$ cat query.pdb   # PDB, C-alpha atoms
ATOM      1  CA  MET E   1       0.000   0.000   0.000
ATOM      2  CA  GLY E   2       1.343   3.417  -0.927
ATOM      3  CA  MET E   3       1.993   6.296   1.423
ATOM      4  CA  THR E   4       0.161   9.586   1.671
ATOM      5  CA  LEU E   5       1.786  12.872   0.696
ATOM      6  CA  THR E   6       2.436  13.646   4.379
ATOM      7  CA  GLU E   7       3.966  10.217   4.990
ATOM      8  CA  ILE E   8       6.231  10.501   1.944
ATOM      9  CA  ILE E   9       7.705  13.796   3.165
ATOM     10  CA  LEU E  10       8.155  12.573   6.741
ATOM     11  CA  ALA E  11       9.668   9.256   5.621
ATOM     12  CA  ARG E  12      12.278  11.071   3.568
ATOM     13  CA  LYS E  13      13.271  13.250   6.514
ATOM     14  CA  ALA E  14      13.265  10.290   8.922
ATOM     15  CA  HIS E  15      15.393   8.213   6.505
ATOM     16  CA  ALA E  16      12.718   5.529   6.554
ATOM     17  CA  ARG E  17      11.563   3.408   3.620
ATOM     18  CA  SER E  18       7.988   3.716   4.791
ATOM     19  CA  LEU E  19       5.920   5.090   7.660
ATOM     20  CA  LYS E  20       2.457   4.465   9.002
ATOM     21  CA  PRO E  21       0.141   6.514  11.213
ATOM     22  CA  GLY E  22       0.941   6.424  14.906
ATOM     23  CA  GLU E  23       4.683   5.879  14.523
ATOM     24  CA  PHE E  24       6.998   8.214  16.402
ATOM     25  CA  ILE E  25       9.913   9.643  14.448
ATOM     26  CA  GLN E  26      12.762  12.079  14.966
ATOM     27  CA  VAL E  27      13.600  14.503  12.173
ATOM     28  CA  GLU E  28      15.790  17.517  11.529
ATOM     29  CA  PRO E  29      13.354  20.206  10.340
ATOM     30  CA  ASP E  30      14.381  22.371   7.404
ATOM     31  CA  LEU E  31      12.940  25.519   8.967
ATOM     32  CA  ALA E  32      11.762  26.589  12.419
ATOM     33  CA  LEU E  33       9.725  29.686  13.196
ATOM     34  CA  ALA E  34       8.822  31.569  16.362
ATOM     35  CA  ASN E  35       7.316  34.975  17.074
ATOM     36  CA  ASP E  36       7.426  37.674  19.733
ATOM     37  CA  ILE E  37       5.027  35.731  21.969
ATOM     38  CA  THR E  38       6.453  32.226  21.729
ATOM     39  CA  ALA E  39      10.180  32.798  21.131
ATOM     40  CA  PRO E  40      11.007  34.454  24.485
ATOM     41  CA  LEU E  41       9.900  31.356  26.413
ATOM     42  CA  ALA E  42      11.927  29.152  24.069
ATOM     43  CA  ILE E  43      15.010  31.347  24.483
ATOM     44  CA  ARG E  44      14.700  31.174  28.264
ATOM     45  CA  GLU E  45      14.413  27.374  28.097
ATOM     46  CA  PHE E  46      17.424  27.240  25.761
ATOM     47  CA  HIS E  47      19.551  29.085  28.307
ATOM     48  CA  LYS E  48      18.086  27.136  31.229
ATOM     49  CA  ALA E  49      19.196  23.910  29.530
ATOM     50  CA  GLY E  50      22.736  25.256  29.220
ATOM     51  CA  GLY E  51      22.509  26.128  25.555
ATOM     52  CA  LYS E  52      25.371  28.136  24.110
ATOM     53  CA  LYS E  53      25.163  27.671  20.345
ATOM     54  CA  VAL E  54      22.063  27.081  18.251
ATOM     55  CA  ARG E  55      22.507  23.883  16.245
ATOM     56  CA  TYR E  56      21.210  25.231  12.922
ATOM     57  CA  PRO E  57      20.897  29.026  13.208
ATOM     58  CA  GLU E  58      20.378  29.430   9.464
ATOM     59  CA  ARG E  59      17.129  27.453   9.748
ATOM     60  CA  VAL E  60      15.665  29.667  12.478
ATOM     61  CA  TYR E  61      13.279  32.534  11.674
ATOM     62  CA  LEU E  62      12.244  34.945  14.429
ATOM     63  CA  VAL E  63       9.370  37.169  13.359
ATOM     64  CA  PRO E  64       7.837  39.768  15.711
ATOM     65  CA  ASP E  65       4.326  40.158  14.380
ATOM     66  CA  HIS E  66       1.826  39.841  17.238
ATOM     67  CA  PHE E  67       2.524  43.264  18.757
ATOM     68  CA  THR E  68       3.819  45.334  15.867
ATOM     69  CA  PRO E  69       4.331  48.134  16.542
ATOM     70  CA  ASN E  70       4.941  47.339  20.208
ATOM     71  CA  LYS E  71       1.924  48.231  22.298
ATOM     72  CA  ASP E  72       3.788  48.672  25.587
ATOM     73  CA  ILE E  73       7.141  48.285  27.347
ATOM     74  CA  LEU E  74       6.670  44.577  27.981
ATOM     75  CA  SER E  75       6.040  43.752  24.327
ATOM     76  CA  ALA E  76       9.026  45.914  23.319
ATOM     77  CA  GLU E  77      11.196  43.942  25.739
ATOM     78  CA  GLN E  78       9.963  40.694  24.172
ATOM     79  CA  VAL E  79      11.084  41.858  20.740
ATOM     80  CA  LYS E  80      14.390  43.106  22.144
ATOM     81  CA  MET E  81      15.040  39.622  23.497
ATOM     82  CA  LEU E  82      14.563  38.161  20.011
ATOM     83  CA  LYS E  83      16.848  40.753  18.458
ATOM     84  CA  ASN E  84      19.589  40.231  21.036
ATOM     85  CA  PHE E  85      19.393  36.450  20.690
ATOM     86  CA  ALA E  86      19.642  36.678  16.907
ATOM     87  CA  GLY E  87      22.646  38.977  17.318
ATOM     88  CA  GLU E  88      24.369  36.455  19.579
ATOM     89  CA  GLN E  89      23.628  33.506  17.279
ATOM     90  CA  ALA E  90      25.083  34.325  13.885
ATOM     91  CA  GLY E  91      22.863  33.140  11.059
ATOM     92  CA  ILE E  92      19.429  33.443  12.639
ATOM     93  CA  HIS E  93      16.932  35.310  10.468
ATOM     94  CA  PHE E  94      15.425  38.172  12.438
ATOM     95  CA  TYR E  95      13.035  40.668  10.890
ATOM     96  CA  GLU E  96      12.950  44.210  12.214
ATOM     97  CA  GLN E  97       9.527  45.772  12.567
ATOM     98  CA  ALA E  98      10.051  47.925   9.477
ATOM     99  CA  GLU E  99      10.552  44.785   7.333
ATOM    100  CA  VAL E 100       8.061  42.471   8.914
ATOM    101  CA  GLY E 101       4.472  41.513   8.211
ATOM    102  CA  VAL E 102       2.247  38.660   9.287
ATOM    103  CA  GLU E 103       4.682  35.816   9.889
ATOM    104  CA  HIS E 104       2.774  33.267   7.831
ATOM    105  CA  ALA E 105       2.586  35.623   4.850
ATOM    106  CA  LEU E 106       6.195  36.759   5.159
ATOM    107  CA  LEU E 107       7.972  33.404   4.819
ATOM    108  CA  PRO E 108       6.252  32.365   1.568
ATOM    109  CA  GLU E 109       6.768  35.863   0.154
ATOM    110  CA  ILE E 110      10.535  35.768   0.712
ATOM    111  CA  GLY E 111      10.831  32.272  -0.756
ATOM    112  CA  ALA E 112      11.819  30.564   2.490
ATOM    113  CA  VAL E 113       9.248  27.764   2.071
ATOM    114  CA  LEU E 114       9.770  25.039  -0.537
ATOM    115  CA  PRO E 115       7.884  21.842  -1.416
ATOM    116  CA  GLY E 116       8.981  18.784   0.544
ATOM    117  CA  MET E 117      10.263  20.727   3.529
ATOM    118  CA  VAL E 118       9.520  19.771   7.120
ATOM    119  CA  ILE E 119       8.699  22.939   9.051
ATOM    120  CA  ILE E 120       7.927  23.454  12.713
ATOM    121  CA  GLY E 121       6.744  26.699  14.217
ATOM    122  CA  ALA E 122       5.899  27.879  17.691
ATOM    123  CA  ASP E 123       2.527  29.064  16.434
ATOM    124  CA  SER E 124      -0.575  26.989  15.764
ATOM    125  CA  HIS E 125      -1.062  28.363  12.246
ATOM    126  CA  THR E 126       2.325  27.148  11.021
ATOM    127  CA  CYS E 127       0.249  24.657   9.023
ATOM    128  CA  THR E 128      -0.175  27.520   6.510
ATOM    129  CA  TYR E 129       2.972  26.432   4.638
ATOM    130  CA  GLY E 130       1.339  23.190   3.563
ATOM    131  CA  ALA E 131      -0.140  25.296   0.756
ATOM    132  CA  LEU E 132       3.282  25.116  -0.894
ATOM    133  CA  GLY E 133       3.698  21.351  -0.559
ATOM    134  CA  ALA E 134       5.582  21.316   2.744
ATOM    135  CA  PHE E 135       4.794  19.378   5.919
ATOM    136  CA  ALA E 136       4.305  22.201   8.402
ATOM    137  CA  THR E 137       2.962  22.000  11.932
ATOM    138  CA  GLY E 138       2.768  24.035  15.111
ATOM    139  CA  VAL E 139       4.734  23.064  18.209
ATOM    140  CA  GLY E 140       5.102  24.428  21.719
ATOM    141  CA  SER E 141       7.846  26.796  22.823
ATOM    142  CA  THR E 142       9.609  23.959  24.662
ATOM    143  CA  ASP E 143       9.745  21.880  21.472
ATOM    144  CA  PHE E 144      11.128  24.912  19.670
ATOM    145  CA  ALA E 145      13.780  25.248  22.395
ATOM    146  CA  GLY E 146      14.639  21.598  21.829
ATOM    147  CA  PHE E 147      15.202  22.328  18.158
ATOM    148  CA  LEU E 148      17.461  25.271  19.012
ATOM    149  CA  LEU E 149      19.571  22.942  21.158
ATOM    150  CA  THR E 150      19.651  19.791  19.040
ATOM    151  CA  GLY E 151      18.429  20.647  15.567
ATOM    152  CA  LYS E 152      15.865  17.854  15.937
ATOM    153  CA  ALA E 153      12.172  17.422  16.645
ATOM    154  CA  TRP E 154      10.013  14.395  17.384
ATOM    155  CA  LEU E 155       6.719  13.841  15.647
ATOM    156  CA  LYS E 156       3.910  11.321  15.683
ATOM    157  CA  VAL E 157       2.959  10.399  12.125
ATOM    158  CA  PRO E 158      -0.640  11.553  11.595
ATOM    159  CA  SER E 159      -3.282   9.587   9.774
ATOM    160  CA  SER E 160      -4.584  11.397   6.706
ATOM    161  CA  ILE E 161      -7.946  12.547   5.429
ATOM    162  CA  LYS E 162      -8.104  12.915   1.652
ATOM    163  CA  VAL E 163     -10.348  15.851   0.794
ATOM    164  CA  VAL E 164     -11.444  16.096  -2.844
ATOM    165  CA  PHE E 165     -13.295  19.143  -4.198
ATOM    166  CA  GLU E 166     -15.041  18.438  -7.519
ATOM    167  CA  GLY E 167     -16.803  20.756  -9.922
ATOM    168  CA  ASN E 168     -16.303  24.493 -10.339
ATOM    169  CA  LEU E 169     -16.425  27.416  -7.944
ATOM    170  CA  GLN E 170     -19.511  29.563  -8.354
ATOM    171  CA  PRO E 171     -19.161  33.371  -8.558
ATOM    172  CA  TRP E 172     -18.116  34.967  -5.292
ATOM    173  CA  VAL E 173     -17.227  31.611  -3.710
ATOM    174  CA  THR E 174     -13.678  31.644  -2.352
ATOM    175  CA  ALA E 175     -11.172  29.297  -0.745
ATOM    176  CA  LYS E 176     -12.317  30.601   2.642
ATOM    177  CA  ASP E 177     -15.797  29.289   1.882
ATOM    178  CA  LEU E 178     -14.382  25.874   1.015
ATOM    179  CA  ILE E 179     -12.466  25.434   4.252
ATOM    180  CA  LEU E 180     -15.294  26.835   6.393
ATOM    181  CA  THR E 181     -17.742  24.435   4.758
ATOM    182  CA  LEU E 182     -15.388  21.522   5.355
ATOM    183  CA  ILE E 183     -14.959  22.430   9.024
ATOM    184  CA  SER E 184     -18.719  22.823   9.445
ATOM    185  CA  ARG E 185     -19.192  19.285   8.117
ATOM    186  CA  ILE E 186     -16.449  17.463  10.038
ATOM    187  CA  SER E 187     -16.515  19.746  13.149
ATOM    188  CA  VAL E 188     -13.743  21.642  14.916
ATOM    189  CA  SER E 189     -12.287  18.336  16.137
ATOM    190  CA  GLY E 190     -13.041  16.305  13.023
ATOM    191  CA  ALA E 191      -9.410  16.185  11.918
ATOM    192  CA  LEU E 192      -7.796  15.990  15.358
ATOM    193  CA  TYR E 193      -4.082  15.113  14.921
ATOM    194  CA  LYS E 194      -4.720  14.192  11.301
ATOM    195  CA  ALA E 195      -3.363  15.471   8.018
ATOM    196  CA  LEU E 196      -5.856  17.178   5.726
ATOM    197  CA  GLU E 197      -4.677  16.510   2.162
ATOM    198  CA  PHE E 198      -6.448  18.549  -0.508
ATOM    199  CA  PHE E 199      -7.061  17.324  -4.067
ATOM    200  CA  GLY E 200      -9.413  17.742  -7.006
ATOM    201  CA  PRO E 201     -10.065  20.129  -9.903
ATOM    202  CA  VAL E 202     -11.268  22.939  -7.640
ATOM    203  CA  ILE E 203      -8.038  22.747  -5.639
ATOM    204  CA  GLU E 204      -5.934  22.728  -8.797
ATOM    205  CA  GLY E 205      -7.650  25.922  -9.903
ATOM    206  CA  LEU E 206      -7.044  27.811  -6.669
ATOM    207  CA  SER E 207      -4.507  30.610  -6.467
ATOM    208  CA  VAL E 208      -1.580  30.294  -4.082
ATOM    209  CA  GLU E 209      -3.336  32.826  -1.833
ATOM    210  CA  GLY E 210      -6.415  30.600  -1.743
ATOM    211  CA  ARG E 211      -4.345  27.555  -0.845
ATOM    212  CA  LEU E 212      -2.588  29.488   1.913
ATOM    213  CA  THR E 213      -5.989  30.425   3.325
ATOM    214  CA  MET E 214      -7.152  26.816   3.409
ATOM    215  CA  ALA E 215      -3.931  25.397   4.823
ATOM    216  CA  ASN E 216      -3.880  28.130   7.460
ATOM    217  CA  MET E 217      -7.288  27.058   8.728
ATOM    218  CA  ALA E 218      -6.607  23.299   8.797
ATOM    219  CA  VAL E 219      -5.808  23.643  12.479
ATOM    220  CA  GLU E 220      -9.318  24.987  13.078
ATOM    221  CA  ALA E 221     -10.515  21.419  12.484
ATOM    222  CA  GLY E 222      -7.830  20.133  14.859
ATOM    223  CA  ALA E 223      -5.525  19.003  12.036
ATOM    224  CA  LYS E 224      -1.832  18.360  12.566
ATOM    225  CA  ASN E 225      -1.213  19.763   9.108
ATOM    226  CA  GLY E 226      -2.904  20.670   5.868
ATOM    227  CA  ILE E 227      -1.127  20.028   2.593
ATOM    228  CA  PHE E 228      -1.463  20.547  -1.169
ATOM    229  CA  THR E 229       0.432  18.966  -4.032
ATOM    230  CA  ALA E 230       3.028  21.405  -5.361
ATOM    231  CA  ASP E 231       2.552  22.586  -8.938
ATOM    232  CA  GLN E 232       3.751  25.356 -11.255
ATOM    233  CA  LYS E 233       1.758  28.021  -9.388
TER     234      LYS E 233
END

$ encode --input "query.pdb" --output "structure tokens"
Amino acid sequence: MGMTLTEIILARKAHARSLKPGEFIQVEPDLALANDITAPLAIREFHKAGGKKVRYPERVYLVPDHFTPNKDILSAEQVKMLKNFAGEQAGIHFYEQAEVGVEHALLPEIGAVLPGMVIIGADSHTCTYGALGAFATGVGSTDFAGFLLTGKAWLKVPSSIKVVFEGNLQPWVTAKDLILTLISRISVSGALYKALEFFGPVIEGLSVEGRLTMANMAVEAGAKNGIFTADQK
């Protein structure tokens, strides 16, 4: 029996010939993201664990986007912690407030996300990057700290739900309508710790922006990740 798109990507990163749902694996993610809310806790845990040097600084993206511009002294201090940490760890990608936008729009725009990548992010909507054919999932700040220290992350292989959209979109119907309809049918826990894999002629016709919208909201059904097949778009 063949593997799903999610399993294929994870198997490659885990150096396994095959994987099945429920297996636990350890991988070295290609990219790791944190923001001005989640990164400070991870940085504190990194230091608490005796961390001196980030294992793969070039894979780390720190994006202050939740309080931009800073709303108060505390939020400014959070961002300062990110900036100082990036300065200490040569190679980390840190985006000043003048260059930044919404984190999950920024990384695709700068070309940081590629098909086949494994991406973890200390933010629940990291699943957004599945729109570009990557396995992308949210993790906690402690898991992010673990990546800073070791360059590795553990994952439980999710089972997959194949979602096929047939037909044609009617006027004024958007990708947001598709994902909201799906969630309304399967419920907000209908894809709990599962991969939502999107296929069909409607999906093929969606813009990249539409796919980003749908992948972003996969977590609203409890999904571990949402993913699309990469194409020329």

$ atom_distance --input "query.pdb" --atom1 "atom CA of Arg185 of chain E" --atom2 "atom CA of Thr128 of chain E"
20.8 Å

$ residues_around --input "query.pdb" --residues "Thr229 of chain E" --least-positions-apart "3" --cutoff "8 Å" --atoms "all atoms listed in the file" --output "list in words"
Leu5, Ala131, Leu132, Gly133, Phe198 and Phe199 of chain E

$ residues_around --input "query.pdb" --residues "Ile43 of chain E" --least-positions-apart "3" --cutoff "8 Å" --atoms "all atoms listed in the file" --output "CSV table (one decimal) with C-alpha atoms, in the coordinates of the input"
chain,number,residue,atom,x,y,z
E,39,ALA,CA,10.2,32.8,21.1
E,40,PRO,CA,11.0,34.5,24.5
E,46,PHE,CA,17.4,27.2,25.8
E,47,HIS,CA,19.6,29.1,28.3
E,85,PHE,CA,19.4,36.4,20.7
E,145,ALA,CA,13.8,25.2,22.4

$ resolve_selection --input "query.pdb" --expression "the PyMOL selection byres ((chain E and resi 166) around 8)" --output "JSON, numbers by chain"
{"E": [164, 165, 167, 168, 200, 201, 202]}

$ atom_distance --input "query.pdb" --atom1 "atom CA of Tyr61 of chain E" --atom2 "atom CA of Pro115 of chain E"
17.7 Å

$ resolve_selection --input "query.pdb" --expression "the PyMOL selection byres ((chain E and resi 69-84) around 8)" --output "count of residues only"
14

$ residues_around --input "query.pdb" --residues "Ala136 of chain E" --least-positions-apart "3" --cutoff "6 Å" --atoms "only C-alpha atoms" --output "PyMOL selection string"
chain E and resi 118-120+126-127+129-130

$ residues_around --input "query.pdb" --residues "segment 55-60 of chain E" --least-positions-apart "2" --cutoff "7 Å" --atoms "only C-alpha atoms" --output "number ranges by chain"
E: 30-33, 53, 62, 89-93, 148-151

$ resolve_selection --input "query.pdb" --expression "the PyMOL selection byres ((chain E and resi 192) around 10)" --output "list in words"
Pro158, Ser159, Ser187, Val188, Ser189, Gly190, Ala191, Tyr193, Lys194, Ala195, Leu196, Ala218, Val219, Glu220, Ala221, Gly222, Ala223, Lys224 and Asn225 of chain E

$ build_atoms --input "query.pdb" --residues "segment 41-58 of chain E" --atoms "N, CA and C atoms" --output "PDB file, keeping the file's coordinate frame"
ATOM      1  N   LEU E  41       9.923  32.537  25.549  1.00  0.00           N
ATOM      2  CA  LEU E  41       9.900  31.356  26.413  1.00  0.00           C
ATOM      3  C   LEU E  41      10.908  30.320  25.935  1.00  0.00           C
ATOM      4  N   ALA E  42      10.982  30.113  24.620  1.00  0.00           N
ATOM      5  CA  ALA E  42      11.927  29.152  24.069  1.00  0.00           C
ATOM      6  C   ALA E  42      13.373  29.571  24.350  1.00  0.00           C
ATOM      7  N   ILE E  43      13.654  30.850  24.223  1.00  0.00           N
ATOM      8  CA  ILE E  43      15.010  31.347  24.483  1.00  0.00           C
ATOM      9  C   ILE E  43      15.390  31.144  25.950  1.00  0.00           C
ATOM     10  N   ARG E  44      14.433  31.405  26.831  1.00  0.00           N
ATOM     11  CA  ARG E  44      14.700  31.174  28.264  1.00  0.00           C
ATOM     12  C   ARG E  44      14.984  29.697  28.536  1.00  0.00           C
ATOM     13  N   GLU E  45      14.211  28.815  27.907  1.00  0.00           N
ATOM     14  CA  GLU E  45      14.413  27.374  28.097  1.00  0.00           C
ATOM     15  C   GLU E  45      15.746  26.931  27.502  1.00  0.00           C
ATOM     16  N   PHE E  46      16.124  27.533  26.386  1.00  0.00           N
ATOM     17  CA  PHE E  46      17.424  27.240  25.761  1.00  0.00           C
ATOM     18  C   PHE E  46      18.554  27.542  26.734  1.00  0.00           C
ATOM     19  N   HIS E  47      18.506  28.709  27.346  1.00  0.00           N
ATOM     20  CA  HIS E  47      19.551  29.085  28.307  1.00  0.00           C
ATOM     21  C   HIS E  47      19.479  28.238  29.568  1.00  0.00           C
ATOM     22  N   LYS E  48      18.256  27.937  30.022  1.00  0.00           N
ATOM     23  CA  LYS E  48      18.086  27.136  31.229  1.00  0.00           C
ATOM     24  C   LYS E  48      18.710  25.744  31.050  1.00  0.00           C
ATOM     25  N   ALA E  49      18.641  25.234  29.821  1.00  0.00           N
ATOM     26  CA  ALA E  49      19.196  23.910  29.530  1.00  0.00           C
ATOM     27  C   ALA E  49      20.696  23.954  29.277  1.00  0.00           C
ATOM     28  N   GLY E  50      21.294  25.131  29.425  1.00  0.00           N
ATOM     29  CA  GLY E  50      22.736  25.256  29.220  1.00  0.00           C
ATOM     30  C   GLY E  50      23.153  25.504  27.796  1.00  0.00           C
ATOM     31  N   GLY E  51      22.194  25.902  26.959  1.00  0.00           N
ATOM     32  CA  GLY E  51      22.509  26.128  25.555  1.00  0.00           C
ATOM     33  C   GLY E  51      23.458  27.294  25.339  1.00  0.00           C
ATOM     34  N   LYS E  52      24.409  27.086  24.468  1.00  0.00           N
ATOM     35  CA  LYS E  52      25.371  28.136  24.110  1.00  0.00           C
ATOM     36  C   LYS E  52      25.275  28.497  22.636  1.00  0.00           C
ATOM     37  N   LYS E  53      25.169  27.459  21.796  1.00  0.00           N
ATOM     38  CA  LYS E  53      25.163  27.671  20.345  1.00  0.00           C
ATOM     39  C   LYS E  53      23.973  26.955  19.724  1.00  0.00           C
ATOM     40  N   VAL E  54      23.187  27.678  18.966  1.00  0.00           N
ATOM     41  CA  VAL E  54      22.063  27.081  18.251  1.00  0.00           C
ATOM     42  C   VAL E  54      22.603  26.118  17.200  1.00  0.00           C
ATOM     43  N   ARG E  55      21.989  24.935  17.124  1.00  0.00           N
ATOM     44  CA  ARG E  55      22.507  23.883  16.245  1.00  0.00           C
ATOM     45  C   ARG E  55      22.473  24.293  14.774  1.00  0.00           C
ATOM     46  N   TYR E  56      21.340  24.807  14.318  1.00  0.00           N
ATOM     47  CA  TYR E  56      21.210  25.231  12.922  1.00  0.00           C
ATOM     48  C   TYR E  56      20.640  26.651  12.871  1.00  0.00           C
ATOM     49  N   PRO E  57      21.438  27.657  13.177  1.00  0.00           N
ATOM     50  CA  PRO E  57      20.897  29.026  13.208  1.00  0.00           C
ATOM     51  C   PRO E  57      20.319  29.481  11.884  1.00  0.00           C
ATOM     52  N   GLU E  58      20.862  29.002  10.775  1.00  0.00           N
ATOM     53  CA  GLU E  58      20.378  29.430   9.464  1.00  0.00           C
ATOM     54  C   GLU E  58      18.969  28.924   9.165  1.00  0.00           C
TER      55      GLU E  58
END
